[in-house]
file model_5.txt (compact mmCIF, C-alpha atoms and all ligand atoms)
# COMPACT_ATOMS: atom_id res chain seq x y z
CA MET A 991 30.25 10.07 15.81
CA LYS A 992 26.48 10.53 15.72
CA GLN A 993 24.39 8.13 17.76
CA PHE A 994 21.09 6.53 16.80
CA ALA A 995 18.98 3.58 17.93
CA ILE A 996 15.83 1.58 17.34
CA LEU A 997 13.32 1.42 20.17
CA GLY A 998 10.91 -1.52 20.35
CA TYR A 999 9.84 -4.57 22.34
CA PRO A 1000 10.56 -7.34 21.70
CA LEU A 1001 13.28 -6.71 19.12
CA GLY A 1002 14.34 -10.14 17.91
CA HIS A 1003 16.03 -9.94 14.55
CA THR A 1004 16.10 -6.42 13.13
CA LEU A 1005 17.80 -5.29 9.95
CA SER A 1006 17.83 -1.65 11.12
CA PRO A 1007 21.42 -1.40 12.47
CA GLN A 1008 22.86 -2.99 9.32
CA LEU A 1009 20.66 -0.90 7.03
CA HIS A 1010 21.41 2.41 8.76
CA ARG A 1011 25.15 1.76 8.79
CA LEU A 1012 25.11 0.97 5.04
CA LEU A 1013 23.17 4.17 4.31
CA ALA A 1014 25.36 6.34 6.53
CA ARG A 1015 28.42 5.01 4.71
CA GLU A 1016 26.93 6.28 1.44
CA LEU A 1017 26.84 9.76 3.04
CA GLY A 1018 30.44 9.36 4.25
CA GLU A 1019 29.22 9.34 7.87
CA GLN A 1020 30.16 6.90 10.60
CA ILE A 1021 27.36 6.20 13.04
CA ASP A 1022 26.71 4.27 16.18
CA TYR A 1023 23.30 2.51 15.93
CA GLN A 1024 22.07 0.64 18.99
CA ILE A 1025 19.17 -1.75 19.59
CA CYS A 1026 17.06 -0.49 22.52
CA GLN A 1027 14.75 -3.26 23.58
CA ILE A 1028 12.81 -1.69 26.43
CA ALA A 1029 9.92 -3.38 28.23
CA PRO A 1030 6.72 -1.28 28.53
CA GLU A 1031 7.02 -0.90 32.32
CA GLN A 1032 10.54 0.57 31.92
CA LEU A 1033 9.82 2.96 29.07
CA GLU A 1034 9.22 6.16 31.08
CA GLN A 1035 12.40 5.65 33.06
CA ARG A 1036 14.56 4.88 29.99
CA LEU A 1037 13.20 7.49 27.55
CA PRO A 1038 15.62 10.25 28.67
CA GLU A 1039 18.58 8.24 27.38
CA LEU A 1040 16.93 8.03 23.93
CA PHE A 1041 16.42 11.80 23.86
CA GLU A 1042 20.19 12.19 24.37
CA LEU A 1043 20.80 10.56 20.98
CA ASP A 1044 20.90 12.33 17.60
CA GLY A 1045 17.68 10.56 16.57
CA PHE A 1046 15.95 7.21 16.83
CA ASN A 1047 13.55 4.82 15.14
CA ILE A 1048 10.48 3.40 16.82
CA THR A 1049 8.79 0.11 16.10
CA ILE A 1050 6.08 -2.09 17.65
CA PRO A 1051 4.61 -1.49 20.24
CA TYR A 1052 5.61 2.18 20.74
CA LYS A 1053 4.68 3.96 17.49
CA VAL A 1054 1.63 5.58 19.10
CA ARG A 1055 2.73 5.66 22.75
CA ILE A 1056 5.81 7.79 21.95
CA ILE A 1057 3.62 10.67 20.72
CA ASP A 1058 2.90 11.99 24.24
CA SER A 1059 6.63 12.45 24.87
CA LEU A 1060 7.23 14.63 21.78
CA ASP A 1061 6.98 18.40 21.28
CA ARG A 1062 5.35 18.17 17.86
CA LEU A 1063 4.50 15.90 14.94
CA ASP A 1064 5.15 16.66 11.31
CA ARG A 1065 2.33 16.23 8.75
CA THR A 1066 3.21 12.58 7.99
CA ALA A 1067 2.95 11.56 11.65
CA ARG A 1068 -0.26 13.57 12.13
CA ASN A 1069 -1.90 11.95 9.10
CA HIS A 1070 -0.98 8.45 10.15
CA GLY A 1071 -1.30 8.83 13.92
CA ALA A 1072 1.96 6.92 14.33
CA VAL A 1073 5.63 7.84 14.65
CA ASN A 1074 8.51 5.68 13.46
CA VAL A 1075 11.25 8.34 13.52
CA VAL A 1076 12.19 10.96 16.11
CA GLY A 1077 14.50 13.81 15.17
CA PHE A 1078 15.43 17.12 16.76
CA SER A 1079 14.81 20.57 15.32
CA ALA A 1080 17.51 23.26 15.38
CA ALA A 1081 15.76 24.65 18.46
CA GLY A 1082 16.00 21.26 20.16
CA GLU A 1083 12.32 20.30 19.82
CA ARG A 1084 11.54 16.58 19.76
CA VAL A 1085 9.77 16.00 16.45
CA GLY A 1086 7.92 12.84 15.38
CA TYR A 1087 7.75 11.70 11.75
CA ASN A 1088 6.24 8.81 9.83
CA THR A 1089 8.76 7.77 7.21
CA ASP A 1090 6.97 4.47 6.40
CA CYS A 1091 4.63 6.52 4.22
CA VAL A 1092 7.56 8.33 2.59
CA GLY A 1093 9.19 4.94 1.97
CA PHE A 1094 6.02 3.70 0.29
CA VAL A 1095 5.60 6.79 -1.90
CA ARG A 1096 9.25 6.84 -2.97
CA THR A 1097 9.18 3.11 -3.76
CA MET A 1098 6.20 3.67 -6.04
CA GLN A 1099 7.93 6.66 -7.67
CA THR A 1100 11.15 4.76 -8.38
CA HIS A 1101 9.13 1.96 -10.01
CA GLY A 1102 7.16 4.46 -12.12
CA VAL A 1103 3.85 3.70 -10.36
CA GLU A 1104 1.41 6.55 -9.91
CA ILE A 1105 -0.66 6.25 -6.71
CA LYS A 1106 -4.10 6.76 -8.25
CA GLY A 1107 -7.32 5.05 -9.23
CA ASP A 1108 -8.58 1.89 -7.52
CA VAL A 1109 -6.34 0.59 -4.77
CA CYS A 1110 -6.86 -2.57 -2.72
CA VAL A 1111 -5.04 -2.92 0.60
CA LEU A 1112 -4.94 -6.44 2.07
CA GLY A 1113 -4.95 -6.16 5.88
CA ALA A 1114 -5.75 -3.25 8.19
CA GLY A 1115 -3.02 -3.60 10.84
CA GLY A 1116 -0.24 -1.05 11.47
CA VAL A 1117 1.14 -0.77 7.97
CA GLY A 1118 -2.20 -1.48 6.23
CA ARG A 1119 -3.69 1.53 7.97
CA MET A 1120 -0.81 3.65 6.64
CA PHE A 1121 -1.29 2.42 3.04
CA ALA A 1122 -5.06 2.95 3.13
CA THR A 1123 -4.67 6.46 4.59
CA GLU A 1124 -1.93 7.55 2.22
CA CYS A 1125 -3.76 6.29 -0.87
CA ALA A 1126 -7.17 7.66 0.18
CA LEU A 1127 -5.71 11.10 0.99
CA ARG A 1128 -4.15 11.12 -2.48
CA GLY A 1129 -7.62 10.70 -3.98
CA CYS A 1130 -7.61 6.94 -4.66
CA ARG A 1131 -10.72 4.79 -4.27
CA VAL A 1132 -9.49 2.43 -1.54
CA THR A 1133 -10.78 -1.03 -0.69
CA MET A 1134 -9.52 -2.38 2.63
CA ALA A 1135 -9.77 -6.16 2.30
CA VAL A 1136 -9.73 -7.97 5.62
CA ARG A 1137 -10.83 -11.27 7.10
CA ARG A 1138 -14.58 -11.46 7.61
CA ASP A 1139 -14.15 -11.55 11.41
CA SER A 1140 -11.92 -8.46 11.31
CA MET A 1141 -14.17 -6.14 9.33
CA GLU A 1142 -15.04 -4.19 12.49
CA LYS A 1143 -11.34 -3.54 13.11
CA ALA A 1144 -11.13 -1.69 9.80
CA GLU A 1145 -13.93 0.75 10.74
CA PRO A 1146 -11.73 2.99 12.96
CA VAL A 1147 -9.25 3.23 10.08
CA ARG A 1148 -11.96 4.48 7.76
CA ALA A 1149 -13.19 6.88 10.46
CA HIS A 1150 -9.65 8.22 10.93
CA ILE A 1151 -9.23 8.81 7.19
CA ARG A 1152 -12.63 10.55 6.95
CA SER A 1153 -11.74 12.75 9.94
CA ILE A 1154 -8.94 14.18 7.78
CA ASP A 1155 -10.86 14.16 4.48
CA PRO A 1156 -14.64 13.66 4.72
CA GLN A 1157 -14.76 13.02 0.94
CA ALA A 1158 -12.24 10.14 1.08
CA GLN A 1159 -13.45 7.01 -0.69
CA VAL A 1160 -12.85 3.95 1.47
CA GLU A 1161 -14.65 0.60 1.29
CA ILE A 1162 -14.24 -2.36 3.62
CA ALA A 1163 -14.48 -5.79 2.03
CA ASP A 1164 -14.13 -9.45 2.96
CA ILE A 1165 -10.73 -10.53 1.63
CA ALA A 1166 -12.22 -13.85 0.45
CA SER A 1167 -14.54 -11.97 -1.94
CA LEU A 1168 -11.49 -10.93 -4.01
CA ASN A 1169 -10.90 -14.52 -5.11
CA ALA A 1170 -13.73 -14.23 -7.64
CA GLY A 1171 -11.32 -11.98 -9.58
CA GLU A 1172 -14.08 -9.65 -10.73
CA GLN A 1173 -12.67 -6.36 -9.49
CA THR A 1174 -10.14 -4.25 -11.35
CA PHE A 1175 -7.39 -2.60 -9.29
CA ASP A 1176 -4.64 -0.23 -10.41
CA LEU A 1177 -2.69 -1.21 -7.32
CA MET A 1178 -3.01 -4.09 -4.85
CA ILE A 1179 -0.88 -3.97 -1.68
CA ASN A 1180 -0.26 -6.89 0.64
CA ALA A 1181 -0.11 -5.49 4.18
CA THR A 1182 -0.61 -8.86 5.90
CA PRO A 1183 2.27 -11.06 7.11
CA VAL A 1184 0.90 -13.97 5.03
CA GLY A 1185 3.69 -15.49 2.91
CA MET A 1186 6.48 -14.32 5.19
CA PHE A 1187 9.38 -16.65 6.05
CA PRO A 1188 9.08 -19.48 7.16
CA LYS A 1189 5.50 -20.01 5.87
CA VAL A 1190 6.50 -19.10 2.34
CA GLU A 1191 3.86 -21.24 0.60
CA ALA A 1192 0.99 -19.20 2.04
CA SER A 1193 -0.74 -16.34 0.21
CA PRO A 1194 -3.41 -13.92 1.45
CA VAL A 1195 -5.50 -14.34 -1.73
CA GLU A 1196 -5.87 -16.94 -4.47
CA ALA A 1197 -4.14 -16.40 -7.81
CA SER A 1198 -7.54 -15.69 -9.36
CA ALA A 1199 -7.75 -12.43 -7.33
CA LEU A 1200 -4.89 -11.00 -9.40
CA LYS A 1201 -6.48 -11.34 -12.85
CA LYS A 1202 -7.40 -7.66 -13.08
CA VAL A 1203 -4.60 -6.15 -11.01
CA LYS A 1204 -2.17 -3.81 -12.77
CA THR A 1205 0.51 -3.38 -10.08
CA LEU A 1206 1.06 -5.68 -7.10
CA PHE A 1207 3.13 -4.45 -4.16
CA ASP A 1208 3.93 -7.00 -1.45
CA CYS A 1209 5.46 -5.21 1.51
CA ILE A 1210 6.99 -8.47 2.81
CA TYR A 1211 10.77 -8.51 2.21
CA ASN A 1212 11.64 -12.01 3.42
CA PRO A 1213 11.45 -13.96 1.15
CA ARG A 1214 12.36 -11.58 -1.65
CA GLN A 1215 9.75 -13.19 -3.88
CA THR A 1216 6.62 -14.32 -2.08
CA ARG A 1217 4.09 -16.81 -3.37
CA LEU A 1218 1.75 -13.84 -3.98
CA MET A 1219 4.42 -12.13 -6.09
CA GLN A 1220 4.91 -15.32 -8.13
CA ASP A 1221 1.16 -15.47 -8.75
CA GLY A 1222 1.23 -11.78 -9.70
CA GLU A 1223 3.95 -12.33 -12.27
CA ALA A 1224 2.05 -15.26 -13.76
CA ALA A 1225 -1.04 -13.02 -14.01
CA GLY A 1226 0.97 -10.33 -15.84
CA CYS A 1227 1.02 -7.74 -13.01
CA GLN A 1228 3.87 -5.32 -12.45
CA VAL A 1229 5.31 -6.79 -9.23
CA ILE A 1230 7.26 -4.96 -6.50
CA GLY A 1231 8.64 -6.49 -3.28
CA GLY A 1232 8.97 -4.92 0.19
CA LEU A 1233 12.73 -4.41 0.47
CA ASP A 1234 12.71 -1.10 -1.42
CA MET A 1235 10.19 0.39 1.02
CA LEU A 1236 12.22 -0.79 4.00
CA VAL A 1237 15.29 0.95 2.60
CA TRP A 1238 13.46 4.12 1.48
CA GLN A 1239 11.88 4.66 4.92
CA ALA A 1240 15.37 4.49 6.45
CA VAL A 1241 16.65 6.89 3.75
CA ALA A 1242 13.93 9.36 4.74
CA ALA A 1243 14.98 9.01 8.41
CA GLN A 1244 18.61 9.79 7.63
CA GLU A 1245 17.62 12.71 5.42
CA ILE A 1246 15.87 14.15 8.50
CA TRP A 1247 18.74 13.37 10.87
CA PHE A 1248 21.57 14.59 8.62
CA GLY A 1249 19.68 17.27 6.68
CA ARG A 1250 21.08 15.83 3.45
CA GLN A 1251 19.56 14.14 0.40
CA PHE A 1252 20.47 10.73 -0.99
CA LYS A 1253 20.88 10.14 -4.71
CA ASN A 1254 18.85 7.30 -6.24
CA GLU A 1255 22.02 5.38 -7.16
CA GLN A 1256 23.20 5.44 -3.52
CA VAL A 1257 19.88 3.96 -2.40
CA GLU A 1258 19.95 1.35 -5.18
CA ARG A 1259 23.42 0.28 -4.03
CA VAL A 1260 22.16 -0.25 -0.48
CA ILE A 1261 19.10 -2.19 -1.69
CA ALA A 1262 21.42 -4.49 -3.67
CA GLN A 1263 23.79 -4.96 -0.71
CA LEU A 1264 20.93 -5.79 1.62
CA GLN A 1265 19.42 -8.20 -0.91
CA GLU A 1266 22.67 -10.17 -0.89
CA GLN A 1267 22.66 -10.35 2.90
CA LEU A 1268 19.05 -11.53 3.32
P1 LIG B 1301 -0.03 -6.13 12.00
O1 LIG B 1301 -0.25 -4.81 12.63
O2 LIG B 1301 0.06 -7.35 12.84
O3 LIG B 1301 -1.23 -6.34 10.92
C1 LIG B 1301 -1.37 -7.52 10.19
C2 LIG B 1301 -2.65 -7.50 9.40
O4 LIG B 1301 -2.70 -8.68 8.60
C3 LIG B 1301 -3.92 -7.50 10.25
O5 LIG B 1301 -4.87 -6.69 9.61
C4 LIG B 1301 -4.35 -8.97 10.21
O6 LIG B 1301 -5.73 -9.13 10.29
C5 LIG B 1301 -3.93 -9.34 8.79
N1 LIG B 1301 -3.80 -10.78 8.63
C6 LIG B 1301 -3.03 -11.62 9.36
N2 LIG B 1301 -3.17 -12.88 8.92
C7 LIG B 1301 -4.06 -12.83 7.89
C8 LIG B 1301 -4.62 -13.82 7.01
N3 LIG B 1301 -4.29 -15.12 7.11
N4 LIG B 1301 -5.50 -13.39 6.06
C9 LIG B 1301 -5.84 -12.10 5.96
N5 LIG B 1301 -5.35 -11.13 6.77
C10 LIG B 1301 -4.47 -11.50 7.72
O7 LIG B 1301 1.29 -6.14 11.11
P2 LIG B 1301 1.98 -4.90 10.37
O8 LIG B 1301 2.95 -4.25 11.28
O9 LIG B 1301 0.93 -4.09 9.71
O10 LIG B 1301 2.87 -5.66 9.27
C11 LIG B 1301 2.28 -6.44 8.24
C12 LIG B 1301 3.36 -6.95 7.29
O11 LIG B 1301 4.00 -5.85 6.67
C13 LIG B 1301 4.50 -7.74 7.97
O12 LIG B 1301 4.82 -8.81 7.16
C14 LIG B 1301 5.65 -6.76 8.02
O13 LIG B 1301 6.92 -7.41 7.95
C15 LIG B 1301 5.41 -5.97 6.75
N6 LIG B 1301 5.99 -4.61 6.81
C16 LIG B 1301 6.88 -4.25 5.85
C17 LIG B 1301 7.42 -2.98 5.87
C18 LIG B 1301 8.43 -2.57 4.81
O14 LIG B 1301 9.07 -1.55 4.99
N7 LIG B 1301 8.57 -3.30 3.74
C19 LIG B 1301 7.05 -2.06 6.86
C20 LIG B 1301 6.13 -2.46 7.83
C21 LIG B 1301 5.59 -3.75 7.78
P3 LIG B 1301 -6.51 -9.70 11.58
O15 LIG B 1301 -6.92 -8.50 12.34
O16 LIG B 1301 -7.64 -10.43 10.96
O17 LIG B 1301 -5.57 -10.58 12.32
call {"tool": "encode", "arguments": {"input": "model_5.txt", "output": "structure tokens"}}
result
Amino acid sequence: MKQFAILGYPLGHTLSPQLHRLLARELGEQIDYQICQIAPEQLEQRLPELFELDGFNITIPYKVRIIDSLDRLDRTARNHGAVNVVGFSAAGERVGYNTDCVGFVRTMQTHGVEIKGDVCVLGAGGVGRMFATECALRGCRVTMAVRRDSMEKAEPVRAHIRSIDPQAQVEIADIASLNAGEQTFDLMINATPVGMFPKVEASPVEASALKKVKTLFDCIYNPRQTRLMQDGEAAGCQVIGGLDMLVWQAVAAQEIWFGRQFKNEQVERVIAQLQEQL
């Protein structure tokens, strides 16, 4: 039986073991998937046991710190400067990947959304940085909308993107300025935790901000339909929730670990099963 794990700290409630077991079952594989909650001061000492596994996921706060312990990064991890999956090459090299970006791209593809034109990313934290980078490197005009006091925090993200592509188009805006509803966006992505369970009545922007938005993607997956998504539907946007991305990033991890491809219907089955369990 192959052995996998998720590394993070703290790791309260995580859907990863359940999700990875459901996916492995679709491939006809039985896996052992452990939760490795390791405190920062113990990481160096405990890393060897993770490298004995067949692969592992990494979450907060180790997505950047793990890089120094790897032999190489694939293009996704290099572009995003963060690793959420470790796999092993045939030669035994420790390779870091970023499958969050693959999960995002495949979610858009399965919903028929082209990543192009004007994109607005709400929030510039871990996942917001990934969305802004991925969209800008695909040629989109990206607006990173953040709280007025956090505008400086978005600067390094823009600098990182421009270090890869000096022509990349990235603006930083005050999130409150969106409420005027004057800007047109092909895609708006919520990369803030605002609206997440239990504060389900909150929304990162007012409904008026969605007037000229074509597609709204909220990467929150609990609740399934956030207040922002409800406002998006009322405004006539195409609305997509975060569960698909969560599942597709795990699919991409297993495709690396097992060297096999999933069919769309297998992934859809797992999304439906997980939806019932949330
Ligand atoms: P993070 O690193 O903590 O970043 C959160 C961002 O949201 C920061 O830029 C923060 O800005 C901003 N923010 C927080 N409260 C805000 C408010 N009231 N108004 C405007 N901006 C606000 O978190 P993360 O890891 O990027 O995750 C963000 C969300 O994405 C979480 O809900 C997480 O569950 C979800 N997520 C989903 C998936 C998926 O697969 N579906 C994957 C990863 C993450 P400040 O600097 O101003 O605080």
call {"tool": "closest_residue", "arguments": {"input": "model_5.txt", "among": "A:Val1241, A:Ala1080, A:Ala1158, A:Ile1050", "to": "ligand LIG 1301 (chain B)", "atoms": "only C-alpha atoms and all ligand atoms"}}
result
A:Ile1050
call {"tool": "residues_near_ligand", "arguments": {"input": "model_5.txt", "ligand": "ligand LIG 1301 (chain B)", "cutoff": "7 Å", "atoms": "all atoms listed in the file", "output": "PyMOL selection string"}}
result
chain A and resi 1090+1112-1118+1136-1137+1139-1140+1143+1165+1181-1184+1186+1194+1209-1211+1232-1236+1239
call {"tool": "residues_around", "arguments": {"input": "model_5.txt", "residues": "region 1251-1268 of chain A", "least_positions_apart": "3", "cutoff": "7 Å", "atoms": "all atoms listed in the file", "output": "VMD selection string"}}
result
chain A and resid 1012 to 1013 1016 1234 1237 1245
call {"tool": "closest_residue", "arguments": {"input": "model_5.txt", "among": "A:Asn1074, A:Gln1157, A:Gln1099, A:Thr1174", "to": "Tyr1087 (chain A)", "atoms": "all atoms listed in the file"}}
result
A:Asn1074
call {"tool": "residues_near_point", "arguments": {"input": "model_5.txt", "point": "(-11.4, -14.5, -10.3)", "cutoff": "8 Å", "atoms": "only C-alpha atoms", "output": "list in words"}}
result
Leu1168, Asn1169, Ala1170, Gly1171, Glu1172, Ala1197, Ser1198, Ala1199, Leu1200 and Lys1201 of chain A
call {"tool": "atom_distance", "arguments": {"input": "model_5.txt", "atom1": "CA of Gly1222 (chain A)", "atom2": "CA of Glu1145 (chain A)"}}
result
28.4 Å
call {"tool": "atom_distance", "arguments": {"input": "model_5.txt", "atom1": "CA of Phe1187 (chain A)", "atom2": "CA of Thr1216 (chain A)"}}
result
8.9 Å
call {"tool": "closest_residue", "arguments": {"input": "model_5.txt", "among": "A:Ala1122, A:Ala1166, A:Ala1029, A:Ile1246", "to": "Ala1149 (chain A)", "atoms": "all atoms listed in the file"}}
result
A:Ala1122
call {"tool": "atom_distance", "arguments": {"input": "model_5.txt", "atom1": "CA of Phe1094 (chain A)", "atom2": "CA of Gly998 (chain A)"}}
result
21.3 Å
call {"tool": "closest_residue", "arguments": {"input": "model_5.txt", "among": "A:Gln1027, A:Gln1032, A:Asn1047, A:Thr1100", "to": "Asn1088 (chain A)", "atoms": "only C-alpha atoms"}}
result
A:Asn1047
call {"tool": "residues_around", "arguments": {"input": "model_5.txt", "residues": "region 1103-1109 of chain A", "least_positions_apart": "6", "cutoff": "7 Å", "atoms": "all atoms listed in the file", "output": "ChimeraX atom specification"}}
result
/A:1125,1129-1133,1175-1178
call {"tool": "closest_residue", "arguments": {"input": "model_5.txt", "among": "A:Gln1024, A:Gln1228, A:Thr1004, A:Ser1153", "to": "Gly1071 (chain A)", "atoms": "only C-alpha atoms"}}
result
A:Ser1153
call {"tool": "closest_residue", "arguments": {"input": "model_5.txt", "among": "A:Leu1127, A:Ile1179, A:Leu1001, A:Leu1017", "to": "Ile1154 (chain A)", "atoms": "all atoms listed in the file"}}
result
A:Leu1127
call {"tool": "residues_near_point", "arguments": {"input": "model_5.txt", "point": "(9.9, -21.9, 2.1)", "cutoff": "12 Å", "atoms": "only C-alpha atoms", "output": "short mmCIF file (atom, residue, chain, number, x, y, z; two decimals) with C-alpha atoms, keeping the file's coordinate frame"}}
result
data_model
loop_
_atom_site.label_atom_id
_atom_site.label_comp_id
_atom_site.auth_asym_id
_atom_site.auth_seq_id
_atom_site.Cartn_x
_atom_site.Cartn_y
_atom_site.Cartn_z
CA GLY A 1185 3.69 -15.49 2.91
CA MET A 1186 6.48 -14.32 5.19
CA PHE A 1187 9.38 -16.65 6.05
CA PRO A 1188 9.08 -19.48 7.16
CA LYS A 1189 5.50 -20.01 5.87
CA VAL A 1190 6.50 -19.10 2.34
CA GLU A 1191 3.86 -21.24 0.60
CA ALA A 1192 0.99 -19.20 2.04
CA ASN A 1212 11.64 -12.01 3.42
CA PRO A 1213 11.45 -13.96 1.15
CA ARG A 1214 12.36 -11.58 -1.65
CA GLN A 1215 9.75 -13.19 -3.88
CA THR A 1216 6.62 -14.32 -2.08
CA ARG A 1217 4.09 -16.81 -3.37
#
call {"tool": "residues_around", "arguments": {"input": "model_5.txt", "residues": "Gln1244 (chain A)", "least_positions_apart": "3", "cutoff": "8 Å", "atoms": "all atoms listed in the file", "output": "number ranges by chain"}}
result
A: 1010, 1013-1014, 1240-1241, 1247-1250
call {"tool": "decode", "arguments": {"input": "model_5.txt", "residues": "region 1044-1064 of chain A", "atoms": "N, CA and C atoms", "output": "compact mmCIF listing (two decimals), in the first residue's frame"}}
result
# COMPACT_ATOMS: atom_id res chain seq x y z
N ASP A 1044 5.63 7.87 -0.16
CA ASP A 1044 5.58 7.87 -1.64
C ASP A 1044 5.27 9.26 -2.18
N GLY A 1045 4.98 10.19 -1.27
CA GLY A 1045 4.69 11.57 -1.66
C GLY A 1045 3.97 12.24 -0.52
N PHE A 1046 3.96 13.58 -0.50
CA PHE A 1046 3.18 14.26 0.54
C PHE A 1046 2.73 15.64 0.10
N ASN A 1047 1.68 16.11 0.77
CA ASN A 1047 1.17 17.47 0.57
C ASN A 1047 1.75 18.37 1.64
N ILE A 1048 1.82 19.66 1.31
CA ILE A 1048 2.32 20.63 2.28
C ILE A 1048 1.33 21.79 2.36
N THR A 1049 1.02 22.19 3.58
CA THR A 1049 0.17 23.37 3.73
C THR A 1049 0.83 24.34 4.70
N ILE A 1050 0.08 25.39 5.07
CA ILE A 1050 0.60 26.46 5.93
C ILE A 1050 1.22 25.86 7.20
N PRO A 1051 2.40 26.23 7.65
CA PRO A 1051 3.22 27.36 7.18
C PRO A 1051 4.47 26.92 6.39
N TYR A 1052 4.44 25.76 5.75
CA TYR A 1052 5.69 25.18 5.22
C TYR A 1052 5.83 25.23 3.69
N LYS A 1053 4.90 25.89 2.99
CA LYS A 1053 4.92 25.84 1.53
C LYS A 1053 6.19 26.46 0.92
N VAL A 1054 6.79 27.38 1.63
CA VAL A 1054 8.03 28.00 1.14
C VAL A 1054 9.24 27.34 1.82
N ARG A 1055 9.11 27.09 3.11
CA ARG A 1055 10.25 26.55 3.88
C ARG A 1055 10.72 25.19 3.34
N ILE A 1056 9.81 24.39 2.80
CA ILE A 1056 10.17 23.05 2.32
C ILE A 1056 11.14 23.11 1.13
N ILE A 1057 11.13 24.23 0.42
CA ILE A 1057 11.90 24.32 -0.84
C ILE A 1057 13.38 23.97 -0.64
N ASP A 1058 13.98 24.43 0.45
CA ASP A 1058 15.41 24.19 0.70
C ASP A 1058 15.74 22.71 0.87
N SER A 1059 14.74 21.89 1.18
CA SER A 1059 15.00 20.46 1.41
C SER A 1059 14.77 19.63 0.15
N LEU A 1060 14.47 20.28 -0.98
CA LEU A 1060 14.15 19.53 -2.21
C LEU A 1060 15.30 19.57 -3.20
N ASP A 1061 15.32 18.62 -4.13
CA ASP A 1061 16.38 18.60 -5.15
C ASP A 1061 16.05 19.54 -6.30
N ARG A 1062 14.76 19.62 -6.65
CA ARG A 1062 14.39 20.57 -7.71
C ARG A 1062 12.90 20.90 -7.64
N LEU A 1063 12.55 21.99 -8.34
CA LEU A 1063 11.15 22.42 -8.41
C LEU A 1063 10.70 22.31 -9.86
N ASP A 1064 9.46 21.92 -10.07
CA ASP A 1064 8.98 21.96 -11.45
C ASP A 1064 8.52 23.40 -11.75
